[in-house]
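Q: So I've got this file, coords.pdb, and it contains PDB, C-alpha atoms:
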ATOM      1  CA  MET A   1      31.891   6.141 -41.288
ATOM      2  CA  ALA A   2      31.637   3.427 -38.609
ATOM      3  CA  ASN A   3      35.066   4.277 -37.217
ATOM      4  CA  GLN A   4      34.859   8.037 -37.534
ATOM      5  CA  PRO A   5      36.421  10.004 -34.659
ATOM      6  CA  LEU A   6      33.833  11.384 -32.253
ATOM      7  CA  VAL A   7      34.971  14.960 -32.721
ATOM      8  CA  ARG A   8      36.188  16.262 -36.059
ATOM      9  CA  LYS A   9      37.629  19.765 -35.862
ATOM     10  CA  HIS A  10      36.774  22.281 -38.514
ATOM     11  CA  SER A  11      40.102  22.675 -40.269
ATOM     12  CA  GLY A  12      39.108  25.993 -41.858
ATOM     13  CA  ASP A  13      37.262  27.013 -44.993
ATOM     14  CA  PHE A  14      34.481  24.466 -44.407
ATOM     15  CA  HIS A  15      36.702  21.400 -44.489
ATOM     16  CA  TRP A  16      36.823  18.796 -41.717
ATOM     17  CA  GLU A  17      39.398  16.195 -40.688
ATOM     18  CA  GLY A  18      38.635  12.862 -42.376
ATOM     19  CA  VAL A  19      35.760  14.230 -44.466
ATOM     20  CA  ASP A  20      36.316  13.950 -48.202
ATOM     21  CA  VAL A  21      35.264  16.765 -50.510
ATOM     22  CA  LEU A  22      33.314  14.886 -53.160
ATOM     23  CA  ALA A  23      31.954  15.728 -56.556
ATOM     24  CA  TYR A  24      28.328  16.783 -56.234
ATOM     25  CA  LYS A  25      27.252  14.220 -58.848
ATOM     26  CA  GLN A  26      28.969  12.247 -61.565
ATOM     27  CA  GLU A  27      29.982  14.713 -64.276
ATOM     28  CA  GLY A  28      27.519  14.543 -67.172
ATOM     29  CA  SER A  29      24.810  12.754 -65.181
ATOM     30  CA  ALA A  30      22.689  15.900 -64.756
ATOM     31  CA  PRO A  31      23.063  19.642 -65.299
ATOM     32  CA  PHE A  32      24.899  21.518 -62.532
ATOM     33  CA  LYS A  33      27.865  23.873 -62.107
ATOM     34  CA  ASP A  34      30.597  24.192 -59.454
ATOM     35  CA  VAL A  35      29.167  22.168 -56.568
ATOM     36  CA  THR A  36      30.954  19.984 -53.996
ATOM     37  CA  ARG A  37      29.467  17.538 -51.474
ATOM     38  CA  GLN A  38      30.592  16.403 -48.011
ATOM     39  CA  VAL A  39      28.807  13.717 -45.977
ATOM     40  CA  LEU A  40      29.136  14.897 -42.373
ATOM     41  CA  PHE A  41      27.118  12.243 -40.571
ATOM     42  CA  ASP A  42      25.862   8.952 -41.963
ATOM     43  CA  SER A  43      24.464   7.065 -39.038
ATOM     44  CA  ALA A  44      22.469   3.844 -39.082
ATOM     45  CA  GLU A  45      20.198   5.456 -36.508
ATOM     46  CA  PRO A  46      18.488   7.775 -37.326
ATOM     47  CA  ALA A  47      18.248   6.609 -40.958
ATOM     48  CA  ALA A  48      19.286  10.030 -42.159
ATOM     49  CA  GLN A  49      22.309  11.728 -43.693
ATOM     50  CA  LEU A  50      23.487  15.249 -42.983
ATOM     51  CA  ARG A  51      25.515  16.553 -45.891
ATOM     52  CA  TYR A  52      27.315  19.852 -46.577
ATOM     53  CA  PHE A  53      27.025  21.194 -50.090
ATOM     54  CA  GLU A  54      28.953  24.153 -51.368
ATOM     55  CA  VAL A  55      28.027  25.940 -54.566
ATOM     56  CA  ALA A  56      30.834  28.183 -55.863
ATOM     57  CA  ALA A  57      30.072  31.801 -56.802
ATOM     58  CA  GLY A  58      27.923  31.759 -59.943
ATOM     59  CA  GLY A  59      27.259  28.005 -59.670
ATOM     60  CA  HIS A  60      24.010  26.116 -59.190
ATOM     61  CA  THR A  61      22.653  22.691 -58.272
ATOM     62  CA  THR A  62      20.559  20.559 -60.578
ATOM     63  CA  LEU A  63      16.966  21.612 -61.192
ATOM     64  CA  GLU A  64      15.172  18.452 -60.045
ATOM     65  CA  ARG A  65      12.392  16.892 -57.976
ATOM     66  CA  HIS A  66      11.887  13.624 -56.071
ATOM     67  CA  GLU A  67       9.657  11.975 -53.463
ATOM     68  CA  HIS A  68      12.149  12.395 -50.604
ATOM     69  CA  VAL A  69      12.244  15.705 -48.750
ATOM     70  CA  HIS A  70      15.203  18.005 -48.072
ATOM     71  CA  SER A  71      15.742  19.992 -44.863
ATOM     72  CA  VAL A  72      18.336  22.694 -45.464
ATOM     73  CA  MET A  73      20.218  25.307 -43.423
ATOM     74  CA  VAL A  74      22.489  27.835 -45.134
ATOM     75  CA  ILE A  75      25.732  28.188 -43.179
ATOM     76  CA  ARG A  76      27.951  30.068 -45.641
ATOM     77  CA  GLY A  77      27.537  32.884 -48.125
ATOM     78  CA  ARG A  78      24.529  33.999 -50.141
ATOM     79  CA  GLY A  79      22.367  32.982 -53.043
ATOM     80  CA  GLN A  80      18.872  32.055 -54.067
ATOM     81  CA  CYS A  81      16.687  28.987 -54.186
ATOM     82  CA  LEU A  82      13.711  27.912 -56.193
ATOM     83  CA  VAL A  83      11.150  25.781 -54.322
ATOM     84  CA  GLY A  84       8.042  24.983 -56.339
ATOM     85  CA  ASP A  85       6.590  28.147 -57.824
ATOM     86  CA  GLN A  86       8.552  30.618 -55.671
ATOM     87  CA  ALA A  87      12.121  31.890 -55.557
ATOM     88  CA  TYR A  88      13.784  33.172 -52.386
ATOM     89  CA  GLU A  89      16.924  35.124 -51.500
ATOM     90  CA  LEU A  90      19.104  33.143 -49.067
ATOM     91  CA  GLY A  91      21.750  34.100 -46.530
ATOM     92  CA  ALA A  92      23.487  32.635 -43.483
ATOM     93  CA  ASN A  93      21.317  30.491 -41.193
ATOM     94  CA  ASP A  94      18.178  30.605 -43.350
ATOM     95  CA  LEU A  95      16.131  27.395 -43.390
ATOM     96  CA  VAL A  96      14.574  25.753 -46.455
ATOM     97  CA  ALA A  97      12.151  22.805 -46.621
ATOM     98  CA  VAL A  98      11.732  21.073 -49.982
ATOM     99  CA  PRO A  99       8.476  19.020 -50.010
ATOM    100  CA  PRO A 100       7.991  15.816 -52.031
ATOM    101  CA  MET A 101       7.894  16.125 -55.831
ATOM    102  CA  THR A 102       8.670  19.841 -55.770
ATOM    103  CA  TRP A 103      11.012  21.360 -58.359
ATOM    104  CA  HIS A 104      13.993  22.954 -56.623
ATOM    105  CA  GLN A 105      17.378  24.489 -57.333
ATOM    106  CA  PHE A 106      20.028  26.289 -55.241
ATOM    107  CA  ARG A 107      22.096  29.051 -56.833
ATOM    108  CA  ALA A 108      25.070  30.919 -55.403
ATOM    109  CA  ALA A 109      25.271  34.683 -55.841
ATOM    110  CA  PRO A 110      27.615  35.833 -58.642
ATOM    111  CA  ASP A 111      30.140  37.061 -56.053
ATOM    112  CA  SER A 112      29.676  34.630 -53.154
ATOM    113  CA  PRO A 113      29.632  30.888 -52.532
ATOM    114  CA  LEU A 114      26.488  29.309 -51.072
ATOM    115  CA  GLY A 115      27.172  26.587 -48.489
ATOM    116  CA  PHE A 116      24.371  24.616 -46.871
ATOM    117  CA  LEU A 117      23.643  21.598 -44.710
ATOM    118  CA  CYS A 118      21.079  19.203 -46.166
ATOM    119  CA  LEU A 119      19.318  16.490 -44.169
ATOM    120  CA  VAL A 120      17.854  13.557 -46.126
ATOM    121  CA  ALA A 121      16.708  10.001 -45.568
ATOM    122  CA  ALA A 122      19.566   7.581 -46.166
ATOM    123  CA  GLN A 123      17.288   5.496 -48.421
ATOM    124  CA  ARG A 124      15.713   7.717 -51.045
ATOM    125  CA  ASP A 125      14.354   7.803 -54.592
ATOM    126  CA  ARG A 126      16.337   9.078 -57.569
ATOM    127  CA  PRO A 127      15.796  12.666 -58.750
ATOM    128  CA  GLN A 128      13.724  13.414 -61.827
ATOM    129  CA  LEU A 129      14.900  16.067 -64.296
ATOM    130  CA  PRO A 130      12.537  18.382 -66.173
ATOM    131  CA  ALA A 131      11.921  17.895 -69.881
ATOM    132  CA  ALA A 132      13.698  20.546 -71.961
ATOM    133  CA  GLY A 133      10.388  22.200 -72.805
ATOM    134  CA  GLU A 134       9.399  22.523 -69.148
ATOM    135  CA  ILE A 135      12.480  24.331 -67.832
ATOM    136  CA  GLU A 136      11.608  27.877 -68.784
ATOM    137  CA  ALA A 137       8.256  27.811 -66.964
ATOM    138  CA  ILE A 138       9.737  26.120 -63.888
ATOM    139  CA  ILE A 139      12.543  28.648 -63.380
ATOM    140  CA  ARG A 140      10.388  31.726 -64.115
ATOM    141  CA  PRO A 141      10.169  32.672 -60.379
ATOM    142  CA  LEU A 142      13.995  32.914 -60.228
ATOM    143  CA  LYS A 143      13.982  35.409 -63.082
ATOM    144  CA  LYS A 144      11.449  37.556 -61.220
ATOM    145  CA  ILE A 145      13.916  38.092 -58.367
ATOM    146  CA  GLY A 146      16.623  39.011 -60.831
ATOM    147  CA  VAL A 147      18.836  35.942 -60.785
TER     148      VAL A 147
ATOM    149  CA  MET B   1       5.315  21.771 -38.328
ATOM    150  CA  ALA B   2       3.103  20.371 -41.132
ATOM    151  CA  ASN B   3       2.222  23.831 -42.426
ATOM    152  CA  GLN B   4       5.610  25.461 -41.934
ATOM    153  CA  PRO B   5       6.651  27.911 -44.649
ATOM    154  CA  LEU B   6       9.169  26.434 -47.057
ATOM    155  CA  VAL B   7      11.754  29.108 -46.372
ATOM    156  CA  ARG B   8      12.210  30.633 -42.937
ATOM    157  CA  LYS B   9      14.586  33.593 -42.925
ATOM    158  CA  HIS B  10      17.123  33.945 -40.157
ATOM    159  CA  SER B  11      15.799  36.970 -38.283
ATOM    160  CA  GLY B  12      19.129  37.634 -36.566
ATOM    161  CA  ASP B  13      20.826  36.343 -33.439
ATOM    162  CA  PHE B  14      19.950  32.713 -34.245
ATOM    163  CA  HIS B  15      16.195  33.163 -34.240
ATOM    164  CA  TRP B  16      13.948  32.157 -37.128
ATOM    165  CA  GLU B  17      10.442  33.191 -38.205
ATOM    166  CA  GLY B  18       7.867  30.841 -36.734
ATOM    167  CA  VAL B  19      10.395  28.877 -34.665
ATOM    168  CA  ASP B  20       9.757  29.026 -30.933
ATOM    169  CA  VAL B  21      12.663  29.349 -28.520
ATOM    170  CA  LEU B  22      11.878  26.609 -26.024
ATOM    171  CA  ALA B  23      13.164  25.654 -22.646
ATOM    172  CA  TYR B  24      15.844  23.008 -23.032
ATOM    173  CA  LYS B  25      14.066  20.700 -20.594
ATOM    174  CA  GLN B  26      11.420  21.121 -17.937
ATOM    175  CA  GLU B  27      13.007  23.063 -15.061
ATOM    176  CA  GLY B  28      13.952  20.702 -12.247
ATOM    177  CA  SER B  29      13.761  17.552 -14.403
ATOM    178  CA  ALA B  30      17.545  17.236 -14.725
ATOM    179  CA  PRO B  31      20.630  19.342 -13.998
ATOM    180  CA  PHE B  32      21.461  21.975 -16.621
ATOM    181  CA  LYS B  33      22.099  25.719 -16.824
ATOM    182  CA  ASP B  34      21.136  28.404 -19.363
ATOM    183  CA  VAL B  35      20.162  26.326 -22.397
ATOM    184  CA  THR B  36      17.472  26.959 -25.025
ATOM    185  CA  ARG B  37      16.124  24.605 -27.700
ATOM    186  CA  GLN B  38      14.685  25.216 -31.179
ATOM    187  CA  VAL B  39      13.257  22.470 -33.399
ATOM    188  CA  LEU B  40      14.242  23.509 -36.918
ATOM    189  CA  PHE B  41      12.952  20.558 -38.914
ATOM    190  CA  ASP B  42      10.645  17.795 -37.736
ATOM    191  CA  SER B  43       9.768  15.808 -40.798
ATOM    192  CA  ALA B  44       7.932  12.512 -40.981
ATOM    193  CA  GLU B  45      10.518  11.435 -43.520
ATOM    194  CA  PRO B  46      13.343  11.001 -42.627
ATOM    195  CA  ALA B  47      12.332  10.061 -39.090
ATOM    196  CA  ALA B  48      14.781  12.564 -37.685
ATOM    197  CA  GLN B  49      14.730  15.941 -35.980
ATOM    198  CA  LEU B  50      17.266  18.711 -36.476
ATOM    199  CA  ARG B  51      17.329  20.972 -33.429
ATOM    200  CA  TYR B  52      19.313  24.088 -32.540
ATOM    201  CA  PHE B  53      20.526  24.315 -28.950
ATOM    202  CA  GLU B  54      22.132  27.359 -27.468
ATOM    203  CA  VAL B  55      24.038  27.258 -24.215
ATOM    204  CA  ALA B  56      24.597  30.730 -22.708
ATOM    205  CA  ALA B  57      28.105  31.768 -21.601
ATOM    206  CA  GLY B  58      29.005  29.706 -18.543
ATOM    207  CA  GLY B  59      26.067  27.319 -19.021
ATOM    208  CA  HIS B  60      26.004  23.599 -19.721
ATOM    209  CA  THR B  61      23.689  20.806 -20.837
ATOM    210  CA  THR B  62      22.772  17.824 -18.703
ATOM    211  CA  LEU B  63      25.422  15.167 -18.152
ATOM    212  CA  GLU B  64      23.567  12.132 -19.520
ATOM    213  CA  ARG B  65      23.609   9.048 -21.738
ATOM    214  CA  HIS B  66      21.058   7.120 -23.827
ATOM    215  CA  GLU B  67      20.770   4.523 -26.589
ATOM    216  CA  HIS B  68      20.022   7.037 -29.347
ATOM    217  CA  VAL B  69      22.928   8.814 -31.028
ATOM    218  CA  HIS B  70      23.528  12.550 -31.483
ATOM    219  CA  SER B  71      25.102  14.134 -34.563
ATOM    220  CA  VAL B  72      26.188  17.677 -33.755
ATOM    221  CA  MET B  73      27.629  20.693 -35.603
ATOM    222  CA  VAL B  74      28.681  23.809 -33.705
ATOM    223  CA  ILE B  75      27.484  26.918 -35.536
ATOM    224  CA  ARG B  76      27.978  29.632 -32.905
ATOM    225  CA  GLY B  77      30.544  30.509 -30.292
ATOM    226  CA  ARG B  78      32.923  28.330 -28.327
ATOM    227  CA  GLY B  79      32.984  25.779 -25.540
ATOM    228  CA  GLN B  80      33.842  22.220 -24.669
ATOM    229  CA  CYS B  81      32.220  18.830 -24.782
ATOM    230  CA  LEU B  82      32.657  15.610 -22.921
ATOM    231  CA  VAL B  83      32.088  12.442 -24.967
ATOM    232  CA  GLY B  84      32.821   9.236 -23.083
ATOM    233  CA  ASP B  85      36.252   9.425 -21.507
ATOM    234  CA  GLN B  86      37.531  12.439 -23.466
ATOM    235  CA  ALA B  87      36.906  16.182 -23.398
ATOM    236  CA  TYR B  88      37.317  18.414 -26.441
ATOM    237  CA  GLU B  89      37.537  22.138 -27.128
ATOM    238  CA  LEU B  90      34.832  23.205 -29.597
ATOM    239  CA  GLY B  91      34.460  26.107 -32.003
ATOM    240  CA  ALA B  92      32.428  27.067 -35.065
ATOM    241  CA  ASN B  93      31.683  24.259 -37.532
ATOM    242  CA  ASP B  94      33.235  21.477 -35.454
ATOM    243  CA  LEU B  95      31.422  18.121 -35.646
ATOM    244  CA  VAL B  96      30.652  15.820 -32.724
ATOM    245  CA  ALA B  97      29.241  12.260 -32.776
ATOM    246  CA  VAL B  98      27.838  10.889 -29.535
ATOM    247  CA  PRO B  99      27.611   7.064 -29.706
ATOM    248  CA  PRO B 100      24.983   4.982 -27.868
ATOM    249  CA  MET B 101      25.169   4.862 -24.049
ATOM    250  CA  THR B 102      28.055   7.332 -23.902
ATOM    251  CA  TRP B 103      28.167   9.983 -21.163
ATOM    252  CA  HIS B 104      28.174  13.447 -22.740
ATOM    253  CA  GLN B 105      27.842  17.103 -21.851
ATOM    254  CA  PHE B 106      28.209  20.394 -23.765
ATOM    255  CA  ARG B 107      29.575  23.454 -21.969
ATOM    256  CA  ALA B 108      29.791  27.042 -23.201
ATOM    257  CA  ALA B 109      32.976  29.005 -22.566
ATOM    258  CA  PRO B 110      32.758  31.467 -19.652
ATOM    259  CA  ASP B 111      32.694  34.397 -22.097
ATOM    260  CA  SER B 112      30.881  32.964 -25.134
ATOM    261  CA  PRO B 113      27.645  31.137 -25.942
ATOM    262  CA  LEU B 114      27.846  27.713 -27.570
ATOM    263  CA  GLY B 115      25.219  27.119 -30.271
ATOM    264  CA  PHE B 116      24.901  23.799 -32.074
ATOM    265  CA  LEU B 117      22.691  21.822 -34.403
ATOM    266  CA  CYS B 118      21.790  18.351 -33.152
ATOM    267  CA  LEU B 119      20.334  15.607 -35.337
ATOM    268  CA  VAL B 120      18.426  12.809 -33.594
ATOM    269  CA  ALA B 121      15.880  10.110 -34.374
ATOM    270  CA  ALA B 122      12.355  11.408 -33.820
ATOM    271  CA  GLN B 123      11.578   8.294 -31.755
ATOM    272  CA  ARG B 124      14.198   7.859 -29.056
ATOM    273  CA  ASP B 125      14.819   6.552 -25.557
ATOM    274  CA  ARG B 126      14.880   8.751 -22.466
ATOM    275  CA  PRO B 127      18.238   9.948 -21.112
ATOM    276  CA  GLN B 128      19.797   8.343 -18.040
ATOM    277  CA  LEU B 129      21.464  10.527 -15.409
ATOM    278  CA  PRO B 130      24.579   9.483 -13.483
ATOM    279  CA  ALA B 131      24.322   8.529  -9.826
ATOM    280  CA  ALA B 132      25.733  11.251  -7.567
ATOM    281  CA  GLY B 133      28.767   9.111  -6.731
ATOM    282  CA  GLU B 134      29.628   8.586 -10.414
ATOM    283  CA  ILE B 135      29.762  12.217 -11.536
ATOM    284  CA  GLU B 136      33.258  13.109 -10.427
ATOM    285  CA  ALA B 137      34.866  10.239 -12.347
ATOM    286  CA  ILE B 138      32.765  10.884 -15.458
ATOM    287  CA  ILE B 139      33.651  14.580 -15.741
ATOM    288  CA  ARG B 140      37.344  14.139 -14.925
ATOM    289  CA  PRO B 141      38.401  14.602 -18.611
ATOM    290  CA  LEU B 142      36.764  18.064 -18.644
ATOM    291  CA  LYS B 143      38.878  19.104 -15.662
ATOM    292  CA  LYS B 144      42.018  18.026 -17.503
ATOM    293  CA  ILE B 145      41.381  20.593 -20.252
ATOM    294  CA  GLY B 146      40.803  23.264 -17.657
ATOM    295  CA  VAL B 147      37.037  23.697 -17.803
TER     296      VAL B 147
END
Kindly return the structure encoded in the file as structure tokens.
A:
Amino acid sequence: MANQPLVRKHSGDFHWEGVDVLAYKQEGSAPFKDVTRQVLFDSAEPAAQLRYFEVAAGGHTTLERHEHVHSVMVIRGRGQCLVGDQAYELGANDLVAVPPMTWHQFRAAPDSPLGFLCLVAAQRDRPQLPAAGEIEAIIRPLKKIGV
Amino acid sequence: MANQPLVRKHSGDFHWEGVDVLAYKQEGSAPFKDVTRQVLFDSAEPAAQLRYFEVAAGGHTTLERHEHVHSVMVIRGRGQCLVGDQAYELGANDLVAVPPMTWHQFRAAPDSPLGFLCLVAAQRDRPQLPAAGEIEAIIRPLKKIGV
């Protein structure tokens, strides 16, 4: 990213010149469905990355937790998130903070994508996945809001 | 911001629950016109701040430079920016990188606000302003695109 152009025009549909649309994670490495990833800024200073994630309609990110925090702004579509023991409906421009070691998951609505910016530290710990027996209790708040 | 709620709903018109709309800078401290500032995330880790700035129609930010870098995404309206020796038209979802010690300014269109997210290091140097005799040469690229 060292030689990135200073201004990168939005080329429509949440794509940008010179920004690759990446797989969210390596297929098979963790459970997820229909998610892409774009690294928008990756600067040495501040030691942070701003990424754009897009979850396709009906898709979801991995249910996971880690020491590093996420700072999120929804910029496209609708969906829900789980953060700790609560689930929330999400729409354009809503903000989400994911504290350390807090189970979290982002889900697109059945009929809409969910696109969001996510700010993280460039150096960060690897996510932990729940044990199979833990999942049902962790995602219970999502079921309460009818996801 | 330590006790901020995990999810802050967009309450319309680019305002968020519990987020104060601040003056851009102290009045009289530097030249600017019609700009507000909102600190969306201010986390100890990563050592970065994500702010939302909104320049009213016809307004502009200070023409300045500094060692710290800016990473910007436009999320509302239209305008222009100057970065170094080039000016650019800006619209929704365009990305702008401002390198160290590079003169820059954001200007809203005459008939539209310009709202953008700006990621910076939490610890950063103070901006430098141009000398009066330097301004004309610095802003020449903006005049070329008819601002």
Q: Do you know which residues are at most 12 Å from B:Ala131 counting all atoms listed in the file, after dropping those on the same chain fewer than 6 positions away, and could you put them as an mmCIF file with C-alpha atoms, in the frame of the given file?
A:
data_model
loop_
_atom_site.group_PDB
_atom_site.id
_atom_site.type_symbol
_atom_site.label_atom_id
_atom_site.label_comp_id
_atom_site.auth_asym_id
_atom_site.auth_seq_id
_atom_site.Cartn_x
_atom_site.Cartn_y
_atom_site.Cartn_z
ATOM 1 C CA LEU B 63 25.422 15.167 -18.152
ATOM 2 C CA GLU B 64 23.567 12.132 -19.520
ATOM 3 C CA ARG B 65 23.609 9.048 -21.738
ATOM 4 C CA ALA B 137 34.866 10.239 -12.347
ATOM 5 C CA ILE B 138 32.765 10.884 -15.458
#
Q: Any chance you could fit chain A onto chain B with least squares, all Cα atoms in order, and share the moved copy as a tab-separated table (two decimals) with C-alpha atoms, in the coordinates of the input?
A:
chain	number	residue	atom	x	y	z
A	1	MET	CA	5.28	21.75	-38.38
A	2	ALA	CA	3.11	20.36	-41.20
A	3	ASN	CA	2.23	23.84	-42.44
A	4	GLN	CA	5.61	25.45	-41.94
A	5	PRO	CA	6.66	27.91	-44.66
A	6	LEU	CA	9.20	26.44	-47.07
A	7	VAL	CA	11.76	29.14	-46.39
A	8	ARG	CA	12.20	30.66	-42.95
A	9	LYS	CA	14.57	33.62	-42.92
A	10	HIS	CA	17.11	33.95	-40.17
A	11	SER	CA	15.78	36.96	-38.30
A	12	GLY	CA	19.12	37.62	-36.57
A	13	ASP	CA	20.81	36.33	-33.45
A	14	PHE	CA	19.95	32.70	-34.24
A	15	HIS	CA	16.19	33.16	-34.25
A	16	TRP	CA	13.94	32.15	-37.15
A	17	GLU	CA	10.45	33.20	-38.24
A	18	GLY	CA	7.85	30.84	-36.75
A	19	VAL	CA	10.38	28.88	-34.68
A	20	ASP	CA	9.75	29.04	-30.94
A	21	VAL	CA	12.65	29.36	-28.53
A	22	LEU	CA	11.87	26.61	-26.04
A	23	ALA	CA	13.16	25.66	-22.64
A	24	TYR	CA	15.85	23.01	-23.02
A	25	LYS	CA	14.05	20.70	-20.57
A	26	GLN	CA	11.41	21.11	-17.91
A	27	GLU	CA	12.99	23.05	-15.05
A	28	GLY	CA	13.94	20.67	-12.24
A	29	SER	CA	13.75	17.54	-14.40
A	30	ALA	CA	17.55	17.22	-14.72
A	31	PRO	CA	20.62	19.33	-13.98
A	32	PHE	CA	21.45	21.98	-16.59
A	33	LYS	CA	22.09	25.73	-16.80
A	34	ASP	CA	21.13	28.41	-19.35
A	35	VAL	CA	20.14	26.33	-22.38
A	36	THR	CA	17.44	26.97	-25.01
A	37	ARG	CA	16.10	24.62	-27.70
A	38	GLN	CA	14.67	25.23	-31.18
A	39	VAL	CA	13.25	22.47	-33.40
A	40	LEU	CA	14.23	23.51	-36.93
A	41	PHE	CA	12.95	20.56	-38.92
A	42	ASP	CA	10.63	17.80	-37.74
A	43	SER	CA	9.75	15.82	-40.80
A	44	ALA	CA	7.90	12.52	-40.98
A	45	GLU	CA	10.49	11.44	-43.53
A	46	PRO	CA	13.32	11.02	-42.65
A	47	ALA	CA	12.31	10.07	-39.09
A	48	ALA	CA	14.76	12.56	-37.68
A	49	GLN	CA	14.73	15.95	-35.98
A	50	LEU	CA	17.26	18.71	-36.47
A	51	ARG	CA	17.33	20.97	-33.44
A	52	TYR	CA	19.32	24.10	-32.53
A	53	PHE	CA	20.52	24.32	-28.96
A	54	GLU	CA	22.14	27.36	-27.48
A	55	VAL	CA	24.05	27.26	-24.22
A	56	ALA	CA	24.61	30.73	-22.73
A	57	ALA	CA	28.11	31.76	-21.62
A	58	GLY	CA	29.02	29.70	-18.55
A	59	GLY	CA	26.07	27.32	-19.04
A	60	HIS	CA	26.01	23.59	-19.71
A	61	THR	CA	23.70	20.80	-20.85
A	62	THR	CA	22.78	17.82	-18.72
A	63	LEU	CA	25.42	15.16	-18.16
A	64	GLU	CA	23.56	12.12	-19.52
A	65	ARG	CA	23.61	9.04	-21.75
A	66	HIS	CA	21.06	7.12	-23.83
A	67	GLU	CA	20.78	4.51	-26.59
A	68	HIS	CA	20.02	7.04	-29.34
A	69	VAL	CA	22.93	8.81	-31.02
A	70	HIS	CA	23.53	12.54	-31.49
A	71	SER	CA	25.10	14.14	-34.58
A	72	VAL	CA	26.19	17.68	-33.76
A	73	MET	CA	27.62	20.69	-35.61
A	74	VAL	CA	28.68	23.81	-33.70
A	75	ILE	CA	27.48	26.91	-35.54
A	76	ARG	CA	27.97	29.64	-32.92
A	77	GLY	CA	30.56	30.51	-30.30
A	78	ARG	CA	32.93	28.31	-28.32
A	79	GLY	CA	33.00	25.78	-25.54
A	80	GLN	CA	33.85	22.23	-24.67
A	81	CYS	CA	32.22	18.83	-24.78
A	82	LEU	CA	32.66	15.61	-22.92
A	83	VAL	CA	32.10	12.44	-24.97
A	84	GLY	CA	32.84	9.23	-23.09
A	85	ASP	CA	36.27	9.41	-21.49
A	86	GLN	CA	37.54	12.43	-23.45
A	87	ALA	CA	36.93	16.17	-23.40
A	88	TYR	CA	37.34	18.40	-26.45
A	89	GLU	CA	37.55	22.14	-27.14
A	90	LEU	CA	34.84	23.21	-29.60
A	91	GLY	CA	34.47	26.12	-32.01
A	92	ALA	CA	32.44	27.08	-35.07
A	93	ASN	CA	31.69	24.27	-37.53
A	94	ASP	CA	33.24	21.47	-35.47
A	95	LEU	CA	31.43	18.13	-35.65
A	96	VAL	CA	30.65	15.82	-32.72
A	97	ALA	CA	29.25	12.27	-32.78
A	98	VAL	CA	27.83	10.89	-29.53
A	99	PRO	CA	27.61	7.05	-29.70
A	100	PRO	CA	24.98	4.98	-27.87
A	101	MET	CA	25.18	4.85	-24.06
A	102	THR	CA	28.06	7.33	-23.91
A	103	TRP	CA	28.17	9.97	-21.17
A	104	HIS	CA	28.18	13.44	-22.74
A	105	GLN	CA	27.86	17.10	-21.85
A	106	PHE	CA	28.21	20.40	-23.76
A	107	ARG	CA	29.57	23.46	-21.97
A	108	ALA	CA	29.81	27.03	-23.21
A	109	ALA	CA	32.99	29.00	-22.58
A	110	PRO	CA	32.77	31.46	-19.65
A	111	ASP	CA	32.70	34.40	-22.10
A	112	SER	CA	30.89	32.96	-25.13
A	113	PRO	CA	27.66	31.15	-25.95
A	114	LEU	CA	27.85	27.71	-27.58
A	115	GLY	CA	25.22	27.13	-30.28
A	116	PHE	CA	24.90	23.81	-32.08
A	117	LEU	CA	22.68	21.83	-34.41
A	118	CYS	CA	21.78	18.36	-33.16
A	119	LEU	CA	20.33	15.61	-35.34
A	120	VAL	CA	18.41	12.81	-33.58
A	121	ALA	CA	15.88	10.12	-34.36
A	122	ALA	CA	12.36	11.42	-33.80
A	123	GLN	CA	11.57	8.31	-31.73
A	124	ARG	CA	14.19	7.87	-29.04
A	125	ASP	CA	14.82	6.54	-25.53
A	126	ARG	CA	14.88	8.74	-22.44
A	127	PRO	CA	18.24	9.94	-21.09
A	128	GLN	CA	19.81	8.33	-18.04
A	129	LEU	CA	21.48	10.52	-15.40
A	130	PRO	CA	24.59	9.47	-13.48
A	131	ALA	CA	24.35	8.51	-9.82
A	132	ALA	CA	25.74	11.24	-7.56
A	133	GLY	CA	28.77	9.10	-6.73
A	134	GLU	CA	29.64	8.58	-10.39
A	135	ILE	CA	29.77	12.21	-11.52
A	136	GLU	CA	33.26	13.11	-10.41
A	137	ALA	CA	34.88	10.24	-12.33
A	138	ILE	CA	32.78	10.88	-15.45
A	139	ILE	CA	33.65	14.58	-15.74
A	140	ARG	CA	37.36	14.14	-14.91
A	141	PRO	CA	38.41	14.60	-18.60
A	142	LEU	CA	36.77	18.07	-18.62
A	143	LYS	CA	38.87	19.11	-15.65
A	144	LYS	CA	42.03	18.03	-17.47
A	145	ILE	CA	41.39	20.59	-20.22
A	146	GLY	CA	40.81	23.28	-17.63
A	147	VAL	CA	37.06	23.73	-17.77
Q: Rounded to one decimal in Å, what is the spacing between atom CA of A:Leu40 and atom CA of B:Arg8?
A: 23.1 Å
Q: Taking into account all atoms listed in the file, which residue in the set A:Arg107, A:Arg51, A:His60, A:His15 is nearest to A:Val72?
A: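 Smallest distance to A:Val72 is found for A:Arg51.
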Q: Hey, what's within 10 Å of A:Val120 if we count all atoms listed in the file and toss same-chain stuff fewer than 4 positions away? As a PyMOL selection string, please?
A: (chain A and resi 47-51+68-72+124) or (chain B and resi 43+45-48)
Q: Give the answer as one residue: which of B:Arg76, B:Arg140, B:Lys25, B:Arg126 has the shortest atom-to-atom distance to chain A, using all atoms listed in the file?
A: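 Under the stated criterion, the closest residue is B:Arg76.
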